[in-house]
$ cat data_38.cif   # mmCIF, N, CA and C atoms
data_entry
loop_
_atom_site.label_atom_id
_atom_site.label_comp_id
_atom_site.auth_asym_id
_atom_site.auth_seq_id
_atom_site.Cartn_x
_atom_site.Cartn_y
_atom_site.Cartn_z
N MET V 9 -18.33 3.62 24.14
CA MET V 9 -17.91 3.47 22.76
C MET V 9 -16.48 2.93 22.75
N LYS V 10 -16.24 1.93 21.93
CA LYS V 10 -14.90 1.34 21.89
C LYS V 10 -13.93 2.27 21.17
N PRO V 11 -12.64 2.19 21.54
CA PRO V 11 -11.63 3.04 20.89
C PRO V 11 -11.56 2.77 19.39
N SER V 12 -11.22 3.81 18.65
CA SER V 12 -11.09 3.65 17.20
C SER V 12 -9.64 3.89 16.77
N ILE V 13 -9.26 3.17 15.73
CA ILE V 13 -7.92 3.28 15.16
C ILE V 13 -8.06 3.65 13.69
N LEU V 14 -7.36 4.70 13.30
CA LEU V 14 -7.30 5.11 11.90
C LEU V 14 -5.97 4.64 11.33
N VAL V 15 -6.02 3.77 10.33
CA VAL V 15 -4.83 3.26 9.66
C VAL V 15 -4.65 4.06 8.37
N VAL V 16 -3.57 4.85 8.31
CA VAL V 16 -3.31 5.70 7.14
C VAL V 16 -2.09 5.14 6.42
N GLU V 17 -2.34 4.46 5.31
CA GLU V 17 -1.28 3.74 4.58
C GLU V 17 -1.67 3.65 3.12
N ASP V 18 -0.77 4.07 2.23
CA ASP V 18 -1.09 4.05 0.80
C ASP V 18 -0.82 2.71 0.13
N GLU V 19 -0.01 1.86 0.75
CA GLU V 19 0.29 0.54 0.18
C GLU V 19 -0.79 -0.45 0.60
N PRO V 20 -1.61 -0.95 -0.34
CA PRO V 20 -2.72 -1.83 0.02
C PRO V 20 -2.30 -3.07 0.80
N ASP V 21 -1.17 -3.70 0.44
CA ASP V 21 -0.74 -4.91 1.14
C ASP V 21 -0.42 -4.63 2.60
N VAL V 22 0.27 -3.54 2.85
CA VAL V 22 0.62 -3.17 4.23
C VAL V 22 -0.64 -2.79 5.00
N ARG V 23 -1.49 -1.98 4.38
CA ARG V 23 -2.74 -1.56 5.02
C ARG V 23 -3.59 -2.78 5.39
N ASN V 24 -3.72 -3.73 4.47
CA ASN V 24 -4.51 -4.93 4.73
C ASN V 24 -3.91 -5.78 5.84
N LEU V 25 -2.58 -5.89 5.88
CA LEU V 25 -1.92 -6.64 6.95
C LEU V 25 -2.20 -6.00 8.31
N VAL V 26 -2.09 -4.69 8.38
CA VAL V 26 -2.36 -3.98 9.64
C VAL V 26 -3.81 -4.18 10.06
N VAL V 27 -4.73 -4.03 9.12
CA VAL V 27 -6.16 -4.19 9.44
C VAL V 27 -6.45 -5.61 9.90
N MET V 28 -5.92 -6.61 9.20
CA MET V 28 -6.15 -8.01 9.60
C MET V 28 -5.59 -8.27 11.00
N THR V 29 -4.45 -7.68 11.30
CA THR V 29 -3.85 -7.84 12.63
C THR V 29 -4.74 -7.21 13.69
N LEU V 30 -5.23 -6.01 13.42
CA LEU V 30 -6.03 -5.28 14.40
C LEU V 30 -7.44 -5.85 14.57
N LYS V 31 -7.89 -6.63 13.61
CA LYS V 31 -9.22 -7.25 13.72
C LYS V 31 -9.27 -8.26 14.87
N GLN V 32 -8.11 -8.65 15.39
CA GLN V 32 -8.06 -9.54 16.54
C GLN V 32 -8.47 -8.82 17.82
N THR V 33 -8.55 -7.51 17.75
CA THR V 33 -8.88 -6.69 18.92
C THR V 33 -10.35 -6.29 18.86
N ASP V 34 -10.76 -5.54 19.86
CA ASP V 34 -12.14 -5.08 19.92
C ASP V 34 -12.25 -3.61 19.51
N TYR V 35 -11.27 -3.11 18.76
CA TYR V 35 -11.28 -1.71 18.36
C TYR V 35 -12.05 -1.51 17.07
N HIS V 36 -12.57 -0.30 16.91
CA HIS V 36 -13.21 0.10 15.66
C HIS V 36 -12.10 0.55 14.71
N ILE V 37 -11.99 -0.05 13.53
CA ILE V 37 -10.88 0.23 12.62
C ILE V 37 -11.40 0.93 11.37
N VAL V 38 -10.73 2.03 11.04
CA VAL V 38 -11.05 2.83 9.86
C VAL V 38 -9.76 2.98 9.07
N THR V 39 -9.86 3.05 7.74
CA THR V 39 -8.65 3.20 6.92
C THR V 39 -8.72 4.45 6.06
N ALA V 40 -7.53 4.88 5.65
CA ALA V 40 -7.39 5.98 4.70
C ALA V 40 -6.18 5.67 3.82
N ASN V 41 -6.30 5.99 2.54
CA ASN V 41 -5.22 5.71 1.58
C ASN V 41 -4.14 6.78 1.55
N ASP V 42 -4.46 7.97 2.05
CA ASP V 42 -3.51 9.08 2.02
C ASP V 42 -3.92 10.13 3.05
N GLY V 43 -3.13 11.19 3.13
CA GLY V 43 -3.38 12.23 4.11
C GLY V 43 -4.68 12.98 3.91
N VAL V 44 -5.09 13.19 2.67
CA VAL V 44 -6.34 13.90 2.39
C VAL V 44 -7.52 13.11 2.92
N GLU V 45 -7.52 11.82 2.63
CA GLU V 45 -8.59 10.94 3.11
C GLU V 45 -8.56 10.85 4.64
N ALA V 46 -7.37 10.83 5.21
CA ALA V 46 -7.23 10.76 6.67
C ALA V 46 -7.82 12.01 7.34
N LEU V 47 -7.59 13.17 6.75
CA LEU V 47 -8.18 14.41 7.29
C LEU V 47 -9.70 14.31 7.34
N LYS V 48 -10.29 13.79 6.28
CA LYS V 48 -11.75 13.63 6.24
C LYS V 48 -12.22 12.69 7.34
N ARG V 49 -11.50 11.58 7.52
CA ARG V 49 -11.87 10.61 8.56
C ARG V 49 -11.79 11.25 9.95
N CYS V 50 -10.76 12.05 10.17
CA CYS V 50 -10.59 12.71 11.48
C CYS V 50 -11.68 13.75 11.73
N GLU V 51 -12.14 14.39 10.68
CA GLU V 51 -13.23 15.36 10.82
C GLU V 51 -14.55 14.65 11.13
N GLU V 52 -14.73 13.44 10.58
CA GLU V 52 -15.95 12.66 10.82
C GLU V 52 -15.98 12.13 12.24
N ARG V 53 -14.86 11.58 12.69
CA ARG V 53 -14.76 11.00 14.03
C ARG V 53 -13.30 11.03 14.45
N CYS V 54 -13.03 11.69 15.54
CA CYS V 54 -11.66 11.79 16.03
C CYS V 54 -11.23 10.42 16.56
N PRO V 55 -10.23 9.79 15.97
CA PRO V 55 -9.82 8.45 16.41
C PRO V 55 -9.06 8.49 17.73
N SER V 56 -9.01 7.36 18.40
CA SER V 56 -8.23 7.22 19.63
C SER V 56 -6.75 7.11 19.29
N LEU V 57 -6.46 6.48 18.15
CA LEU V 57 -5.08 6.23 17.73
C LEU V 57 -5.01 6.31 16.20
N ILE V 58 -3.92 6.89 15.71
CA ILE V 58 -3.66 6.91 14.27
C ILE V 58 -2.36 6.16 14.02
N LEU V 59 -2.40 5.15 13.15
CA LEU V 59 -1.20 4.48 12.65
C LEU V 59 -0.92 5.14 11.31
N LEU V 60 0.20 5.85 11.23
CA LEU V 60 0.42 6.77 10.12
C LEU V 60 1.72 6.51 9.37
N ASP V 61 1.59 6.26 8.07
CA ASP V 61 2.74 6.16 7.18
C ASP V 61 3.25 7.58 6.90
N ILE V 62 4.52 7.70 6.54
CA ILE V 62 5.05 9.03 6.21
C ILE V 62 4.99 9.28 4.71
N SER V 63 5.50 8.34 3.94
CA SER V 63 5.64 8.55 2.50
C SER V 63 4.35 8.15 1.78
N MET V 64 3.51 9.18 1.47
CA MET V 64 2.23 8.94 0.80
C MET V 64 1.99 10.04 -0.23
N PRO V 65 1.14 9.76 -1.22
CA PRO V 65 0.81 10.80 -2.21
C PRO V 65 -0.10 11.87 -1.61
N ARG V 66 -0.21 12.96 -2.30
CA ARG V 66 -1.06 14.12 -1.98
C ARG V 66 -0.62 14.82 -0.69
N VAL V 67 -0.89 14.27 0.46
CA VAL V 67 -0.44 14.86 1.73
C VAL V 67 0.32 13.77 2.48
N ASN V 68 1.64 13.99 2.71
CA ASN V 68 2.43 12.96 3.38
C ASN V 68 2.17 12.98 4.89
N GLY V 69 2.72 11.99 5.58
CA GLY V 69 2.46 11.83 7.01
C GLY V 69 2.89 13.01 7.86
N LEU V 70 4.06 13.58 7.58
CA LEU V 70 4.53 14.72 8.38
C LEU V 70 3.66 15.95 8.14
N ASP V 71 3.26 16.18 6.90
CA ASP V 71 2.35 17.30 6.61
C ASP V 71 1.00 17.09 7.28
N LEU V 72 0.54 15.84 7.30
CA LEU V 72 -0.72 15.53 7.97
C LEU V 72 -0.62 15.82 9.47
N LEU V 73 0.51 15.47 10.08
CA LEU V 73 0.71 15.78 11.50
C LEU V 73 0.58 17.28 11.74
N TYR V 74 1.17 18.07 10.87
CA TYR V 74 1.10 19.53 10.98
C TYR V 74 -0.35 20.00 10.91
N LEU V 75 -1.12 19.47 9.96
CA LEU V 75 -2.52 19.86 9.81
C LEU V 75 -3.36 19.42 11.00
N LEU V 76 -3.14 18.19 11.46
CA LEU V 76 -3.88 17.69 12.62
C LEU V 76 -3.56 18.49 13.87
N ASN V 77 -2.31 18.91 13.99
CA ASN V 77 -1.91 19.74 15.13
C ASN V 77 -2.66 21.08 15.10
N ASP V 78 -2.76 21.68 13.92
CA ASP V 78 -3.50 22.94 13.77
C ASP V 78 -4.98 22.77 14.12
N MET V 79 -5.53 21.60 13.83
CA MET V 79 -6.94 21.33 14.12
C MET V 79 -7.15 20.87 15.57
N GLU V 80 -6.08 20.79 16.33
CA GLU V 80 -6.08 20.37 17.73
C GLU V 80 -6.54 18.92 17.92
N ILE V 81 -6.45 18.13 16.87
CA ILE V 81 -6.80 16.71 16.96
C ILE V 81 -5.72 15.95 17.72
N LEU V 82 -4.46 16.37 17.58
CA LEU V 82 -3.37 15.65 18.23
C LEU V 82 -3.44 15.75 19.75
N SER V 83 -4.17 16.71 20.27
CA SER V 83 -4.30 16.81 21.73
C SER V 83 -5.21 15.71 22.27
N ARG V 84 -6.02 15.09 21.40
CA ARG V 84 -6.96 14.03 21.83
C ARG V 84 -6.62 12.66 21.26
N THR V 85 -5.65 12.61 20.36
CA THR V 85 -5.36 11.39 19.62
C THR V 85 -3.89 11.01 19.73
N LYS V 86 -3.63 9.73 19.94
CA LYS V 86 -2.25 9.24 19.95
C LYS V 86 -1.88 8.84 18.53
N VAL V 87 -0.60 9.06 18.19
CA VAL V 87 -0.13 8.74 16.84
C VAL V 87 1.08 7.83 16.92
N VAL V 88 1.07 6.80 16.09
CA VAL V 88 2.22 5.91 15.91
C VAL V 88 2.61 6.00 14.45
N MET V 89 3.86 6.35 14.18
CA MET V 89 4.36 6.38 12.81
C MET V 89 4.71 4.94 12.41
N LEU V 90 4.30 4.57 11.24
CA LEU V 90 4.53 3.24 10.71
C LEU V 90 5.15 3.44 9.33
N THR V 91 6.49 3.37 9.26
CA THR V 91 7.14 3.81 8.03
C THR V 91 8.47 3.12 7.79
N ALA V 92 8.91 3.17 6.55
CA ALA V 92 10.24 2.66 6.19
C ALA V 92 11.31 3.72 6.38
N LEU V 93 10.90 4.96 6.64
CA LEU V 93 11.83 6.08 6.79
C LEU V 93 12.21 6.28 8.26
N GLY V 94 13.16 5.49 8.74
CA GLY V 94 13.56 5.58 10.13
C GLY V 94 14.73 6.51 10.37
N TYR V 95 14.90 7.52 9.53
CA TYR V 95 16.02 8.45 9.66
C TYR V 95 15.85 9.32 10.90
N PRO V 96 16.96 9.62 11.60
CA PRO V 96 16.87 10.42 12.84
C PRO V 96 16.13 11.74 12.67
N GLU V 97 16.36 12.45 11.57
CA GLU V 97 15.69 13.75 11.39
C GLU V 97 14.18 13.59 11.22
N VAL V 98 13.75 12.48 10.61
CA VAL V 98 12.32 12.20 10.45
C VAL V 98 11.71 11.86 11.81
N VAL V 99 12.42 11.04 12.57
CA VAL V 99 11.96 10.66 13.91
C VAL V 99 11.83 11.90 14.79
N GLU V 100 12.84 12.77 14.77
CA GLU V 100 12.81 13.99 15.58
C GLU V 100 11.63 14.88 15.21
N LYS V 101 11.40 15.05 13.93
CA LYS V 101 10.28 15.90 13.48
C LYS V 101 8.96 15.31 13.95
N ALA V 102 8.80 13.99 13.81
CA ALA V 102 7.56 13.34 14.23
C ALA V 102 7.37 13.47 15.74
N ILE V 103 8.42 13.28 16.50
CA ILE V 103 8.34 13.39 17.96
C ILE V 103 7.99 14.81 18.38
N SER V 104 8.44 15.79 17.62
CA SER V 104 8.12 17.18 17.95
C SER V 104 6.61 17.45 17.88
N PHE V 105 5.89 16.62 17.15
CA PHE V 105 4.43 16.73 17.08
C PHE V 105 3.74 15.87 18.13
N GLY V 106 4.52 15.19 18.96
CA GLY V 106 3.93 14.38 20.02
C GLY V 106 3.65 12.94 19.63
N VAL V 107 4.27 12.46 18.55
CA VAL V 107 4.10 11.07 18.16
C VAL V 107 4.54 10.17 19.31
N LYS V 108 3.72 9.17 19.63
CA LYS V 108 3.96 8.32 20.80
C LYS V 108 4.89 7.15 20.53
N ASP V 109 4.96 6.71 19.28
CA ASP V 109 5.80 5.55 18.97
C ASP V 109 6.17 5.62 17.49
N PHE V 110 7.21 4.88 17.14
CA PHE V 110 7.74 4.89 15.78
C PHE V 110 8.09 3.46 15.42
N ILE V 111 7.37 2.87 14.47
CA ILE V 111 7.60 1.49 14.06
C ILE V 111 8.14 1.50 12.64
N VAL V 112 9.32 0.89 12.47
CA VAL V 112 9.97 0.87 11.16
C VAL V 112 9.58 -0.40 10.41
N LYS V 113 9.18 -0.23 9.15
CA LYS V 113 8.87 -1.37 8.27
C LYS V 113 10.17 -1.99 7.78
N PRO V 114 10.20 -3.28 7.57
CA PRO V 114 9.15 -4.24 7.88
C PRO V 114 9.03 -4.41 9.40
N PHE V 115 7.85 -4.74 9.85
CA PHE V 115 7.59 -4.83 11.28
C PHE V 115 6.99 -6.19 11.62
N ASP V 116 7.06 -6.52 12.88
CA ASP V 116 6.48 -7.76 13.41
C ASP V 116 5.03 -7.45 13.82
N ILE V 117 4.07 -8.22 13.33
CA ILE V 117 2.67 -7.92 13.61
C ILE V 117 2.34 -8.04 15.10
N TYR V 118 3.02 -8.95 15.79
CA TYR V 118 2.76 -9.11 17.23
C TYR V 118 3.30 -7.93 18.01
N ASP V 119 4.43 -7.39 17.56
CA ASP V 119 4.98 -6.19 18.17
C ASP V 119 4.03 -5.01 17.95
N LEU V 120 3.51 -4.88 16.75
CA LEU V 120 2.55 -3.82 16.44
C LEU V 120 1.33 -3.93 17.36
N LEU V 121 0.80 -5.12 17.50
CA LEU V 121 -0.37 -5.34 18.34
C LEU V 121 -0.09 -4.98 19.80
N GLN V 122 1.07 -5.38 20.30
CA GLN V 122 1.44 -5.05 21.69
C GLN V 122 1.54 -3.55 21.89
N ARG V 123 2.14 -2.85 20.95
CA ARG V 123 2.29 -1.39 21.08
C ARG V 123 0.94 -0.69 21.05
N VAL V 124 0.07 -1.13 20.17
CA VAL V 124 -1.28 -0.56 20.09
C VAL V 124 -2.02 -0.79 21.40
N GLU V 125 -1.98 -2.02 21.89
CA GLU V 125 -2.65 -2.36 23.15
C GLU V 125 -2.12 -1.50 24.29
N ARG V 126 -0.80 -1.33 24.34
CA ARG V 126 -0.19 -0.53 25.41
C ARG V 126 -0.68 0.92 25.36
N LEU V 127 -0.76 1.48 24.18
CA LEU V 127 -1.18 2.87 24.04
C LEU V 127 -2.67 3.08 24.30
N LEU V 128 -3.48 2.08 24.03
CA LEU V 128 -4.92 2.24 24.19
C LEU V 128 -5.47 1.67 25.49
N THR V 129 -4.63 1.05 26.29
CA THR V 129 -5.07 0.55 27.59
C THR V 129 -5.05 1.71 28.58
N PRO V 130 -6.19 1.99 29.20
CA PRO V 130 -6.22 3.11 30.15
C PRO V 130 -5.28 2.87 31.33
N ASP V 131 -4.67 3.95 31.79
CA ASP V 131 -3.82 3.86 32.98
C ASP V 131 -4.70 3.58 34.19
N PRO V 132 -4.26 2.65 35.06
CA PRO V 132 -5.05 2.39 36.27
C PRO V 132 -5.05 3.63 37.16
N ALA V 133 -6.21 3.98 37.64
CA ALA V 133 -6.30 5.20 38.48
C ALA V 133 -6.40 4.87 39.94
#
$ encode --input "data_38.cif" --output "structure tokens"
Amino acid sequence: MKPSILVVEDEPDVRNLVVMTLKQTDYHIVTANDGVEALKRCEERCPSLILLDISMPRVNGLDLLYLLNDMEILSRTKVVMLTALGYPEVVEKAISFGVKDFIVKPFDIYDLLQRVERLLTPDPA
């Protein structure tokens, strides 16, 4: 089964840009508009990677990390924060949940693609 990526972003333009960029890959891509929808997606199928915005309605990205951690999903899933909030305290909080990377908007789509590929490429054994 090919790796899956859950894109959690409330801004349609940003979400569509990320999805269009990732369609160049062979990954299964799923989207969610907010944290509540993302929780449902994670319960349906645990993704290989989550690209997660912080500032969203209903359940924000940091609260979602807390919930996913309680559900033990973060032990099986890599998370990349994709946000305009690059403040040190936000970065520290996200890293405390095991976030693997932090991409500040606006971002370069080729950089995003490289980071995703790096995180989802298996380590040579």
$ residues_near_point --input "data_38.cif" --point "(-4.0, 12.7, 0.8)" --cutoff "6.5 Å" --atoms "all atoms listed in the file" --output "compact mmCIF listing (two decimals) with N, CA and C atoms, keeping the file's coordinate frame"
# COMPACT_ATOMS: atom_id res chain seq x y z
N ASN V 41 -6.30 5.99 2.54
CA ASN V 41 -5.22 5.71 1.58
C ASN V 41 -4.14 6.78 1.55
N ASP V 42 -4.46 7.97 2.05
CA ASP V 42 -3.51 9.08 2.02
C ASP V 42 -3.92 10.13 3.05
N GLY V 43 -3.13 11.19 3.13
CA GLY V 43 -3.38 12.23 4.11
C GLY V 43 -4.68 12.98 3.91
N VAL V 44 -5.09 13.19 2.67
CA VAL V 44 -6.34 13.90 2.39
C VAL V 44 -7.52 13.11 2.92
N GLU V 45 -7.52 11.82 2.63
CA GLU V 45 -8.59 10.94 3.11
C GLU V 45 -8.56 10.85 4.64
N ALA V 46 -7.37 10.83 5.21
CA ALA V 46 -7.23 10.76 6.67
C ALA V 46 -7.82 12.01 7.34
N PRO V 65 1.14 9.76 -1.22
CA PRO V 65 0.81 10.80 -2.21
C PRO V 65 -0.10 11.87 -1.61
N ARG V 66 -0.21 12.96 -2.30
CA ARG V 66 -1.06 14.12 -1.98
C ARG V 66 -0.62 14.82 -0.69
N VAL V 67 -0.89 14.27 0.46
CA VAL V 67 -0.44 14.86 1.73
C VAL V 67 0.32 13.77 2.48
N ASN V 68 1.64 13.99 2.71
CA ASN V 68 2.43 12.96 3.38
C ASN V 68 2.17 12.98 4.89
$ residues_around --input "data_38.cif" --residues "Gly106 of chain V" --least-positions-apart "2" --cutoff "8 Å" --atoms "only C-alpha atoms" --output "list in words"
Leu82, Val87, Ala102, Ile103, Ser104 and Lys108 of chain V
$ write_last_selection --input "data_38.cif" --atoms "N, CA and C atoms" --output "mmCIF file, keeping the file's coordinate frame"
data_model
loop_
_atom_site.group_PDB
_atom_site.id
_atom_site.type_symbol
_atom_site.label_atom_id
_atom_site.label_comp_id
_atom_site.auth_asym_id
_atom_site.auth_seq_id
_atom_site.Cartn_x
_atom_site.Cartn_y
_atom_site.Cartn_z
ATOM 1 N N LEU V 82 -4.460 16.370 17.580
ATOM 2 C CA LEU V 82 -3.370 15.650 18.230
ATOM 3 C C LEU V 82 -3.440 15.750 19.750
ATOM 4 N N VAL V 87 -0.600 9.060 18.190
ATOM 5 C CA VAL V 87 -0.130 8.740 16.840
ATOM 6 C C VAL V 87 1.080 7.830 16.920
ATOM 7 N N ALA V 102 8.800 13.990 13.810
ATOM 8 C CA ALA V 102 7.560 13.340 14.230
ATOM 9 C C ALA V 102 7.370 13.470 15.740
ATOM 10 N N ILE V 103 8.420 13.280 16.500
ATOM 11 C CA ILE V 103 8.340 13.390 17.960
ATOM 12 C C ILE V 103 7.990 14.810 18.380
ATOM 13 N N SER V 104 8.440 15.790 17.620
ATOM 14 C CA SER V 104 8.120 17.180 17.950
ATOM 15 C C SER V 104 6.610 17.450 17.880
ATOM 16 N N LYS V 108 3.720 9.170 19.630
ATOM 17 C CA LYS V 108 3.960 8.320 20.800
ATOM 18 C C LYS V 108 4.890 7.150 20.530
#
$ residues_near_point --input "data_38.cif" --point "(5.1, 3.8, 15.9)" --cutoff "7 Å" --atoms "all atoms listed in the file" --output "ChimeraX atom specification"
/V:87-91,108-112
$ closest_residue --input "data_38.cif" --among "V:Leu47, V:Val98, V:Leu59, V:Cys54" --to "Val26 of chain V" --atoms "only C-alpha atoms"
V:Leu59
$ atom_distance --input "data_38.cif" --atom1 "atom N of Leu73 of chain V" --atom2 "atom N of Leu14 of chain V"
13.7 Å
$ atom_distance --input "data_38.cif" --atom1 "atom C of Lys113 of chain V" --atom2 "atom N of Ile81 of chain V"
27.6 Å
